[in-house]
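Structure file start-v9.txt (compact mmCIF, C-alpha atoms) follows.
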# COMPACT_ATOMS: atom_id res chain seq x y z
CA MET A 1 -24.92 53.80 -31.08
CA ARG A 2 -30.14 63.91 -28.64
CA LYS A 3 -31.32 64.83 -32.06
CA LEU A 4 -34.98 65.46 -32.82
CA PHE A 5 -36.64 62.05 -33.01
CA THR A 6 -39.16 63.38 -35.50
CA ALA A 7 -36.32 63.75 -37.99
CA PHE A 8 -35.56 60.04 -37.51
CA VAL A 9 -31.87 60.65 -38.17
CA VAL A 10 -29.38 60.15 -35.41
CA LEU A 11 -26.05 61.85 -35.92
CA ALA A 12 -23.55 63.07 -33.38
CA VAL A 13 -20.34 64.84 -34.23
CA LEU A 14 -18.17 65.31 -31.18
CA ALA A 15 -15.04 66.71 -32.75
CA ALA A 16 -13.50 67.41 -36.13
CA VAL A 17 -10.00 68.30 -37.19
CA ALA A 18 -9.85 71.32 -39.47
CA VAL A 19 -7.42 70.93 -42.36
CA PRO A 20 -7.88 71.38 -46.13
CA VAL A 21 -10.87 69.60 -47.70
CA PHE A 22 -10.45 67.01 -50.44
CA ALA A 23 -11.74 68.42 -53.69
CA GLY A 24 -14.21 67.19 -56.26
CA PRO A 25 -17.72 65.79 -55.79
CA ALA A 26 -16.47 62.22 -55.48
CA GLY A 27 -13.10 62.90 -53.83
CA GLU A 28 -9.62 62.64 -55.27
CA LYS A 29 -7.12 59.83 -55.47
CA ALA A 30 -4.50 59.68 -52.76
CA SER A 31 -1.45 61.87 -53.42
CA LYS A 32 0.76 58.81 -52.90
CA PRO A 33 0.03 55.07 -52.79
CA ILE A 34 -1.46 54.05 -49.44
CA THR A 35 -2.02 50.57 -48.02
CA ILE A 36 -4.60 50.22 -45.26
CA GLY A 37 -4.95 47.13 -43.10
CA VAL A 38 -8.62 46.58 -42.24
CA VAL A 39 -9.33 44.31 -39.26
CA ILE A 40 -12.87 42.94 -38.89
CA PRO A 41 -14.30 39.89 -37.10
CA TYR A 42 -15.22 37.94 -40.26
CA GLU A 43 -17.10 38.34 -43.53
CA ILE A 44 -20.68 37.38 -42.84
CA GLY A 45 -23.76 39.58 -43.23
CA TRP A 46 -22.91 42.95 -41.70
CA PHE A 47 -19.19 42.68 -42.37
CA THR A 48 -19.63 41.55 -45.97
CA ALA A 49 -21.45 44.82 -46.59
CA TYR A 50 -18.86 46.76 -44.57
CA HIS A 51 -16.08 45.23 -46.69
CA LYS A 52 -17.85 46.18 -49.90
CA GLY A 53 -18.39 49.77 -48.76
CA TYR A 54 -14.75 50.11 -47.79
CA GLU A 55 -13.67 48.81 -51.20
CA VAL A 56 -15.88 51.27 -53.11
CA VAL A 57 -13.97 54.22 -51.65
CA ALA A 58 -10.55 52.57 -51.69
CA ASN A 59 -10.88 51.59 -55.35
CA LYS A 60 -12.04 55.07 -56.31
CA LEU A 61 -9.16 56.75 -54.47
CA GLY A 62 -6.45 54.29 -55.51
CA VAL A 63 -5.83 52.81 -52.05
CA LYS A 64 -4.76 49.20 -51.48
CA LEU A 65 -6.53 47.21 -48.77
CA VAL A 66 -5.33 44.22 -46.75
CA PHE A 67 -8.07 42.52 -44.71
CA ALA A 68 -7.48 40.57 -41.50
CA TYR A 69 -9.91 38.81 -39.16
CA HIS A 70 -10.29 38.04 -35.43
CA ASN A 71 -13.66 36.22 -35.10
CA TYR A 72 -14.42 38.17 -31.92
CA LYS A 73 -11.38 36.80 -30.12
CA ALA A 74 -9.05 39.28 -28.40
CA ASP A 75 -5.94 37.13 -28.98
CA ASP A 76 -6.69 36.87 -32.69
CA GLU A 77 -7.17 40.63 -32.83
CA VAL A 78 -3.66 41.10 -31.43
CA LYS A 79 -2.26 38.65 -33.99
CA ALA A 80 -4.02 40.46 -36.82
CA ILE A 81 -2.62 43.83 -35.74
CA GLN A 82 0.88 42.41 -35.33
CA ASN A 83 0.74 40.79 -38.78
CA LEU A 84 -0.32 44.04 -40.41
CA ILE A 85 2.48 45.91 -38.65
CA THR A 86 4.94 43.29 -39.91
CA GLN A 87 3.57 43.73 -43.43
CA GLY A 88 4.28 47.45 -43.20
CA VAL A 89 0.83 48.86 -43.88
CA ASP A 90 0.52 52.65 -43.82
CA ALA A 91 -2.58 52.74 -41.62
CA ILE A 92 -4.94 50.39 -39.79
CA ASN A 93 -8.73 50.42 -39.43
CA LEU A 94 -9.88 48.20 -36.57
CA THR A 95 -13.31 46.89 -35.65
CA ALA A 96 -12.24 45.75 -32.20
CA PHE A 97 -13.46 42.95 -29.95
CA SER A 98 -13.81 45.37 -27.04
CA SER A 99 -12.73 48.84 -25.95
CA GLU A 100 -9.96 47.21 -23.87
CA SER A 101 -8.62 45.19 -26.78
CA ALA A 102 -8.87 48.31 -28.94
CA GLU A 103 -6.69 50.23 -26.48
CA TYR A 104 -4.02 47.51 -26.59
CA SER A 105 -4.17 47.35 -30.38
CA CYS A 106 -3.74 51.12 -30.46
CA ARG A 107 -0.65 50.78 -28.28
CA LEU A 108 0.83 48.30 -30.74
CA ALA A 109 0.09 50.59 -33.68
CA ASN A 110 1.33 53.67 -31.81
CA ASP A 111 4.63 51.94 -31.01
CA ALA A 112 5.00 51.07 -34.69
CA LYS A 113 4.10 54.68 -35.61
CA ILE A 114 1.18 53.49 -37.74
CA PRO A 115 -2.05 55.56 -37.59
CA ILE A 116 -5.02 53.51 -36.38
CA GLN A 117 -8.72 54.27 -36.64
CA ILE A 118 -11.20 52.45 -34.39
CA THR A 119 -14.81 51.56 -35.08
CA GLU A 120 -17.64 49.81 -33.19
CA SER A 121 -15.95 49.70 -29.80
CA GLY A 122 -14.44 52.95 -28.65
CA VAL A 123 -11.07 52.90 -26.90
CA ALA A 124 -10.65 52.26 -23.17
CA LEU A 125 -8.60 54.71 -21.15
CA GLY A 126 -4.91 53.93 -21.46
CA LYS A 127 -1.76 54.73 -23.38
CA GLY A 128 -3.14 53.54 -26.70
CA VAL A 129 -4.58 56.36 -28.84
CA ALA A 130 -6.55 56.26 -32.09
CA VAL A 131 -6.39 59.01 -34.69
CA ALA A 132 -10.16 58.67 -35.17
CA ASN A 133 -13.15 56.83 -33.76
CA ILE A 134 -16.02 56.23 -36.17
CA ASP A 135 -18.89 54.31 -34.63
CA PHE A 136 -22.60 53.98 -34.19
CA ASN A 137 -23.80 55.50 -30.94
CA TRP A 138 -25.12 52.19 -29.65
CA ALA A 139 -26.66 53.62 -26.48
CA ASP A 140 -28.55 56.19 -28.54
CA VAL A 141 -29.46 53.55 -31.14
CA TYR A 142 -31.51 51.76 -28.51
CA LYS A 143 -32.78 55.05 -27.12
CA VAL A 144 -34.32 55.65 -30.53
CA VAL A 145 -35.76 52.12 -30.55
CA ALA A 146 -37.38 52.55 -27.13
CA GLU A 147 -38.74 56.01 -27.94
CA GLY A 148 -39.96 54.85 -31.34
CA LEU A 149 -41.84 51.92 -29.85
CA ARG A 150 -43.41 54.06 -27.15
CA LYS A 151 -44.44 56.68 -29.70
CA ASP A 152 -45.84 54.26 -32.28
CA LEU A 153 -47.51 51.63 -30.10
CA GLN A 154 -50.25 51.80 -27.49
CA GLY A 155 -50.63 49.95 -24.21
CA ASP A 156 -48.11 48.27 -21.92
CA LEU A 157 -45.10 46.88 -23.77
CA LYS A 158 -43.14 43.87 -22.53
CA VAL A 159 -39.95 43.52 -24.56
CA LEU A 160 -38.01 40.39 -25.45
CA HIS A 161 -34.51 41.53 -26.51
CA LEU A 162 -32.03 39.21 -28.23
CA THR A 163 -28.59 40.74 -28.61
CA GLY A 164 -25.35 39.94 -30.39
CA PHE A 165 -22.40 38.45 -28.52
CA ALA A 166 -22.75 39.22 -24.82
CA GLY A 167 -19.98 41.41 -23.43
CA THR A 168 -18.97 43.05 -26.70
CA ALA A 169 -18.90 46.85 -26.68
CA PRO A 170 -21.95 47.53 -28.92
CA VAL A 171 -24.07 45.03 -26.97
CA VAL A 172 -23.10 46.42 -23.56
CA ALA A 173 -23.74 50.02 -24.64
CA GLY A 174 -26.99 49.06 -26.40
CA ILE A 175 -28.44 47.31 -23.35
CA GLU A 176 -27.48 50.22 -21.11
CA GLY A 177 -29.11 52.69 -23.48
CA PHE A 178 -32.25 50.58 -23.82
CA LYS A 179 -32.65 50.11 -20.06
CA ALA A 180 -32.00 53.77 -19.25
CA THR A 181 -34.51 54.99 -21.82
CA MET A 182 -37.25 52.51 -20.90
CA ALA A 183 -36.87 53.54 -17.26
CA LYS A 184 -37.85 57.07 -18.27
CA LEU A 185 -40.87 56.02 -20.32
CA GLN A 186 -44.26 54.84 -19.16
CA GLY A 187 -45.44 51.29 -19.82
CA ILE A 188 -42.39 49.79 -21.50
CA SER A 189 -39.98 47.33 -19.87
CA TYR A 190 -38.07 44.10 -20.39
CA ALA A 191 -40.11 40.89 -20.17
CA THR A 192 -36.90 39.08 -19.18
CA ALA A 193 -33.17 39.80 -19.17
CA PRO A 194 -31.57 40.35 -22.60
CA GLN A 195 -30.61 37.09 -24.29
CA ASP A 196 -27.43 36.31 -26.25
CA GLY A 197 -28.51 35.64 -29.82
CA GLN A 198 -24.89 35.43 -31.03
CA TYR A 199 -25.68 37.42 -34.18
CA ALA A 200 -27.21 34.27 -35.68
CA ALA A 201 -30.65 32.90 -36.57
CA GLU A 202 -30.33 29.36 -35.16
CA PRO A 203 -29.53 30.21 -31.53
CA SER A 204 -32.08 33.02 -31.64
CA LEU A 205 -34.75 30.63 -32.89
CA LYS A 206 -33.96 28.18 -30.06
CA ILE A 207 -33.91 30.87 -27.37
CA THR A 208 -37.19 32.40 -28.49
CA THR A 209 -38.88 28.99 -28.82
CA ASN A 210 -37.78 28.00 -25.33
CA LEU A 211 -39.04 31.25 -23.84
CA ILE A 212 -42.41 30.89 -25.57
CA THR A 213 -42.66 27.32 -24.31
CA SER A 214 -41.80 28.46 -20.79
CA GLY A 215 -44.83 30.76 -20.83
CA LEU A 216 -42.96 34.08 -20.96
CA LYS A 217 -45.35 36.92 -21.73
CA PHE A 218 -44.04 39.50 -24.21
CA ASN A 219 -45.64 41.57 -26.96
CA VAL A 220 -42.52 43.13 -28.49
CA ALA A 221 -39.48 41.24 -29.79
CA VAL A 222 -36.30 43.15 -30.66
CA GLY A 223 -33.49 41.45 -32.59
CA GLY A 224 -29.99 42.91 -32.41
CA CYS A 225 -29.33 42.16 -36.09
CA GLN A 226 -31.17 40.87 -39.14
CA GLU A 227 -30.13 37.25 -38.51
CA ILE A 228 -31.33 37.36 -34.90
CA THR A 229 -34.61 38.93 -35.99
CA ASP A 230 -35.13 36.27 -38.62
CA GLY A 231 -34.62 33.61 -35.94
CA ILE A 232 -37.25 35.31 -33.77
CA ILE A 233 -39.69 35.41 -36.68
CA GLN A 234 -39.16 31.71 -37.40
CA ALA A 235 -39.75 30.87 -33.72
CA LEU A 236 -42.98 32.84 -33.60
CA LYS A 237 -44.22 31.09 -36.72
CA GLN A 238 -43.23 27.60 -35.58
CA SER A 239 -44.83 28.20 -32.18
CA LYS A 240 -47.99 29.40 -33.97
CA VAL A 241 -47.98 32.77 -32.20
CA ASP A 242 -50.55 35.13 -33.69
CA ARG A 243 -48.70 37.58 -35.94
CA LYS A 244 -50.57 40.51 -34.40
CA ALA A 245 -49.69 39.45 -30.85
CA VAL A 246 -46.00 40.41 -31.09
CA THR A 247 -44.47 43.53 -32.64
CA VAL A 248 -41.20 42.53 -34.28
CA VAL A 249 -38.30 45.00 -34.45
CA SER A 250 -34.84 44.65 -36.00
CA VAL A 251 -31.79 46.74 -35.25
CA ASN A 252 -30.16 46.49 -38.67
CA GLY A 253 -32.22 47.19 -41.79
CA GLY A 254 -30.27 44.65 -43.83
CA PRO A 255 -31.38 42.55 -46.83
CA MET A 256 -33.07 39.93 -44.61
CA ASP A 257 -35.00 42.70 -42.87
CA ILE A 258 -36.11 44.06 -46.23
CA GLU A 259 -37.45 40.65 -47.22
CA ASN A 260 -39.25 40.36 -43.90
CA PHE A 261 -40.78 43.80 -44.44
CA LYS A 262 -41.94 42.72 -47.89
CA ASN A 263 -43.41 39.49 -46.52
CA GLY A 264 -45.24 41.23 -43.67
CA ASN A 265 -43.10 39.66 -40.95
CA LEU A 266 -41.42 42.83 -39.64
CA ASP A 267 -43.01 45.91 -38.08
CA PHE A 268 -40.11 48.28 -37.40
CA ALA A 269 -36.37 48.53 -37.95
CA LEU A 270 -33.55 50.77 -36.85
CA SER A 271 -31.98 51.17 -40.29
CA GLN A 272 -28.20 51.40 -40.35
CA SER A 273 -25.94 50.57 -43.26
CA PRO A 274 -22.60 48.83 -42.63
CA ALA A 275 -21.76 49.49 -46.28
CA LEU A 276 -22.21 53.24 -45.90
CA HIS A 277 -20.38 52.95 -42.57
CA GLY A 278 -17.50 51.23 -44.38
CA MET A 279 -17.41 54.00 -46.96
CA ILE A 280 -17.29 56.62 -44.21
CA ASN A 281 -14.53 54.71 -42.40
CA ALA A 282 -12.44 54.44 -45.56
CA ALA A 283 -12.90 58.04 -46.67
CA ASN A 284 -12.19 59.38 -43.19
CA LEU A 285 -8.93 57.46 -42.70
CA ILE A 286 -7.76 58.27 -46.21
CA ALA A 287 -8.53 61.96 -45.59
CA TYR A 288 -6.44 61.81 -42.41
CA MET A 289 -3.54 60.21 -44.29
CA ASN A 290 -3.72 62.92 -46.97
CA LYS A 291 -3.89 65.74 -44.38
CA GLN A 292 -7.42 66.64 -45.40
CA THR A 293 -10.51 67.39 -43.33
CA TYR A 294 -11.63 64.37 -41.32
CA GLN A 295 -13.79 63.55 -38.34
CA LYS A 296 -11.85 62.70 -35.19
CA LYS A 297 -14.94 61.27 -33.51
CA THR A 298 -18.38 60.85 -35.00
CA PHE A 299 -21.35 58.50 -35.29
CA SER A 300 -22.62 57.06 -38.56
CA PRO A 301 -26.28 57.75 -39.39
CA VAL A 302 -29.28 55.64 -38.41
CA VAL A 303 -32.99 55.99 -39.26
CA TRP A 304 -36.10 54.60 -37.53
CA VAL A 305 -38.39 53.04 -40.14
CA SER A 306 -41.69 51.17 -40.10
CA SER A 307 -43.46 48.70 -42.37
CA LYS A 308 -45.29 51.71 -43.82
CA ASP A 309 -42.35 53.98 -44.69
CA TRP A 310 -39.19 51.85 -44.93
CA GLN A 311 -39.04 52.09 -48.73
CA GLN A 312 -38.68 55.86 -48.53
CA LYS A 313 -36.40 56.16 -45.50
CA TYR A 314 -34.12 53.17 -44.98
CA ILE A 315 -30.36 53.35 -45.66
CA PRO A 316 -29.47 50.61 -48.16
CA TRP A 317 -26.70 48.06 -47.70
CA ASP A 318 -26.02 47.96 -51.44
CA VAL A 319 -23.77 50.95 -52.13
CA ASP A 320 -21.83 52.22 -55.12
CA GLU A 321 -20.00 55.34 -56.25
CA THR A 322 -23.25 57.35 -56.32
CA TRP A 323 -22.91 57.55 -52.52
CA LEU A 324 -19.48 59.21 -52.67
CA PRO A 325 -20.83 62.80 -52.48
CA VAL A 326 -22.85 61.83 -49.38
CA VAL A 327 -19.73 60.32 -47.81
CA GLN A 328 -17.58 63.31 -48.78
CA GLU A 329 -20.04 65.66 -47.07
CA PHE A 330 -20.13 63.49 -43.97
CA VAL A 331 -16.34 63.35 -43.67
CA LYS A 332 -16.17 67.10 -44.18
CA THR A 333 -19.02 68.21 -41.88
CA GLY A 334 -20.38 65.18 -40.01
CA GLN A 335 -23.79 65.78 -41.64
CA TYR A 336 -25.76 63.01 -43.34
CA LYS A 337 -27.34 64.38 -46.52
CA PRO A 338 -28.69 61.50 -48.64
CA GLU A 339 -30.10 64.01 -51.10
CA LEU A 340 -26.53 64.56 -52.35
CA ARG A 341 -26.43 61.05 -53.83
CA THR A 342 -25.87 61.27 -57.59
CA LYS A 343 -28.53 59.89 -59.93
Do you think you could lay out the structure here as structure tokens?
Amino acid sequence: MRKLFTAFVVLAVLAAVAVPVFAGPAGEKASKPITIGVVIPYEIGWFTAYHKGYEVVANKLGVKLVFAYHNYKADDEVKAIQNLITQGVDAINLTAFSSESAEYSCRLANDAKIPIQITESGVALGKGVAVANIDFNWADVYKVVAEGLRKDLQGDLKVLHLTGFAGTAPVVAGIEGFKATMAKLQGISYATAPQDGQYAAEPSLKITTNLITSGLKFNVAVGGCQEITDGIIQALKQSKVDRKAVTVVSVNGGPMDIENFKNGNLDFALSQSPALHGMINAANLIAYMNKQTYQKKTFSPVVWVSSKDWQQKYIPWDVDETWLPVVQEFVKTGQYKPELRTK
């Protein structure tokens, strides 16, 4: 979703297109009115923050946004893309259901001669081509999690891993990265096969409770998002599992994770901000439209944090225009420099 782990920042810039840079510390408004169609699954949790981040940049640069939704259904993704094409948007930003659906959506946009940027899924090999691919390196995200756990914890680690929707691109890549990394490390492995937590607390609570009741032995629990992690925490409490018996990890760093850190329920998190990610997505596609420097393929930043240092290191989900210089630098160079944030 490599770099020096001791820096705790995971960034990968695979390619950039060199054209003039947009000026000013917070960017400039588009040279002509632009309408971008933004396709996301829904507006809950992660995607609420993503939406907000996208709007911060669009509002600052005078760009109109039209949002469409697919609820993780490939057919609805196609309908959303077709509707945006019919509406005549100038560009499309797609969080796809899968790399295969992304490729087909790209074909539709290519045929309509509308630039399309992909995020969260990558694009399967085929005729469909995206102008840019802005993602989290999900395989490396879980590489950082595995290495962080092995570095920070002692003894044999048996991991319970609850993921988002099974079969979606981030989940598939994340599991592969987690398995591959654990295989290279001593004393860390899955306690059972990864479970489908559906990005929600209720199914995650039920799954974890059932596994505890079945007698499964695990001492690390990793949730694929803040909602899943909260479900795990509730299950551990309801099952009266000693808090010190299980290390709880969240791959998110969202508001629910912050509350769980504050309440002593969370030990580690892979901090990633969908709001900052949304800002990067928006600024990158707008830069492409305005023939300015943009990243053709890059990964948004993540940071490994613990209950001891999260307040200093995590990437917040609540963003505003003070983050624009950070985003501008990232779109220009692919480098995450939070110190550039204005006071």
### Query
With distances taken over all atoms listed in the file, which of A:Gly167, A:Asn219, A:Leu205, A:Lys297 is nearest to Val131 (chain A)?
A:Lys297
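Closest approach to Ala282 (chain A) from the set A:Leu270, A:Val57, A:Ile207, A:Val251 is made by A:Val57, with distances taken over only C-alpha atoms.
Here the question is which of A:Met256, A:Val319, A:Val172, A:Ile34 gets nearest to Pro274 (chain A) using all atoms listed in the file, and that residue is A:Val319.
The spacing separating CA of Gly62 (chain A) from CA of Arg107 (chain A) amounts to 28.1 Å.
Nearest-residue note for Thr95 (chain A): choosing from A:Ile258, A:Val38, A:Val171, A:Ala193, the minimum distance belongs to A:Val38, counting all atoms listed in the file.
The smallest atom-to-atom distance between Tyr142 (chain A) and any of A:Ser273, A:Asn71, A:Ser306, A:Ser250, using only C-alpha atoms, is found for A:Ser250.
Here CA of Lys240 (chain A) stands at a distance of 21.3 Å from CA of Gln195 (chain A).
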Axis-aligned box for region 322-337 of chain A, 6 Å per side, centre and edges in Å as AutoDock Vina command-line options:
--center_x -21.8 --center_y 62.8 --center_z -48.2 --size_x 23.2 --size_y 22.9 --size_z 28.3
### Message
Using only C-alpha atoms for the distances, tell me which of A:Ala96, A:Met182, A:Val66, A:Leu340 is nearest to Val145 (chain A).
### Response
A:Met182
### Query
Distance CA of Val56 (chain A)-CA of Tyr72 (chain A), one decimal place?
25.0 Å
### Message
Taking 6 positions as the minimum chain separation for residues in the same chain, which residues sit within 12 Å of Thr229 (chain A) when counting all atoms listed in the file? Answer as a ChimeraX atom specification.
### Response
/A:160-164,197-205,207-208,220-223,235-236,247-261,265-270
Output C-alpha atoms of each residue in that selection to a file, as a CSV table (one decimal), in the frame of the given file.
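The resulting file, out_1.csv, is reproduced below:
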chain,number,residue,atom,x,y,z
A,160,LEU,CA,-38.0,40.4,-25.4
A,161,HIS,CA,-34.5,41.5,-26.5
A,162,LEU,CA,-32.0,39.2,-28.2
A,163,THR,CA,-28.6,40.7,-28.6
A,164,GLY,CA,-25.4,39.9,-30.4
A,197,GLY,CA,-28.5,35.6,-29.8
A,198,GLN,CA,-24.9,35.4,-31.0
A,199,TYR,CA,-25.7,37.4,-34.2
A,200,ALA,CA,-27.2,34.3,-35.7
A,201,ALA,CA,-30.6,32.9,-36.6
A,202,GLU,CA,-30.3,29.4,-35.2
A,203,PRO,CA,-29.5,30.2,-31.5
A,204,SER,CA,-32.1,33.0,-31.6
A,205,LEU,CA,-34.8,30.6,-32.9
A,207,ILE,CA,-33.9,30.9,-27.4
A,208,THR,CA,-37.2,32.4,-28.5
A,220,VAL,CA,-42.5,43.1,-28.5
A,221,ALA,CA,-39.5,41.2,-29.8
A,222,VAL,CA,-36.3,43.2,-30.7
A,223,GLY,CA,-33.5,41.4,-32.6
A,235,ALA,CA,-39.8,30.9,-33.7
A,236,LEU,CA,-43.0,32.8,-33.6
A,247,THR,CA,-44.5,43.5,-32.6
A,248,VAL,CA,-41.2,42.5,-34.3
A,249,VAL,CA,-38.3,45.0,-34.4
A,250,SER,CA,-34.8,44.6,-36.0
A,251,VAL,CA,-31.8,46.7,-35.2
A,252,ASN,CA,-30.2,46.5,-38.7
A,253,GLY,CA,-32.2,47.2,-41.8
A,254,GLY,CA,-30.3,44.6,-43.8
A,255,PRO,CA,-31.4,42.6,-46.8
A,256,MET,CA,-33.1,39.9,-44.6
A,257,ASP,CA,-35.0,42.7,-42.9
A,258,ILE,CA,-36.1,44.1,-46.2
A,259,GLU,CA,-37.4,40.6,-47.2
A,260,ASN,CA,-39.2,40.4,-43.9
A,261,PHE,CA,-40.8,43.8,-44.4
A,265,ASN,CA,-43.1,39.7,-41.0
A,266,LEU,CA,-41.4,42.8,-39.6
A,267,ASP,CA,-43.0,45.9,-38.1
A,268,PHE,CA,-40.1,48.3,-37.4
A,269,ALA,CA,-36.4,48.5,-38.0
A,270,LEU,CA,-33.6,50.8,-36.8
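Using only C-alpha atoms, the residues found no farther than 10 Å from Gln186 (chain A), other than those of its own chain fewer than 6 positions away, are A:Arg150, A:Gly155, A:Asp156, A:Leu157.
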Any chance you could export the current selection's C-alpha atoms as a CSV table (one decimal), keeping the file's coordinate frame?
chain,number,residue,atom,x,y,z
A,150,ARG,CA,-43.4,54.1,-27.2
A,155,GLY,CA,-50.6,50.0,-24.2
A,156,ASP,CA,-48.1,48.3,-21.9
A,157,LEU,CA,-45.1,46.9,-23.8
Dump as a tab-separated table the rows for residues of region 280-301 of chain A within 10 Å of region 117-122 of chain A: closest atom pair and distance in Å with one decimal, all atoms listed in the file counted, ordered by chain and rising residue number.
residue	atom	partner	partner_atom	distance
A:Asn281	CA	A:Thr119	CA	8.0
A:Ala282	CA	A:Gln117	CA	9.7
A:Asn284	CA	A:Gln117	CA	9.0
A:Leu285	CA	A:Gln117	CA	6.9
A:Tyr288	CA	A:Gln117	CA	9.8
A:Lys296	CA	A:Gln117	CA	9.1
A:Lys297	CA	A:Ile118	CA	9.6
A:Thr298	CA	A:Thr119	CA	10.0
A:Phe299	CA	A:Thr119	CA	9.5
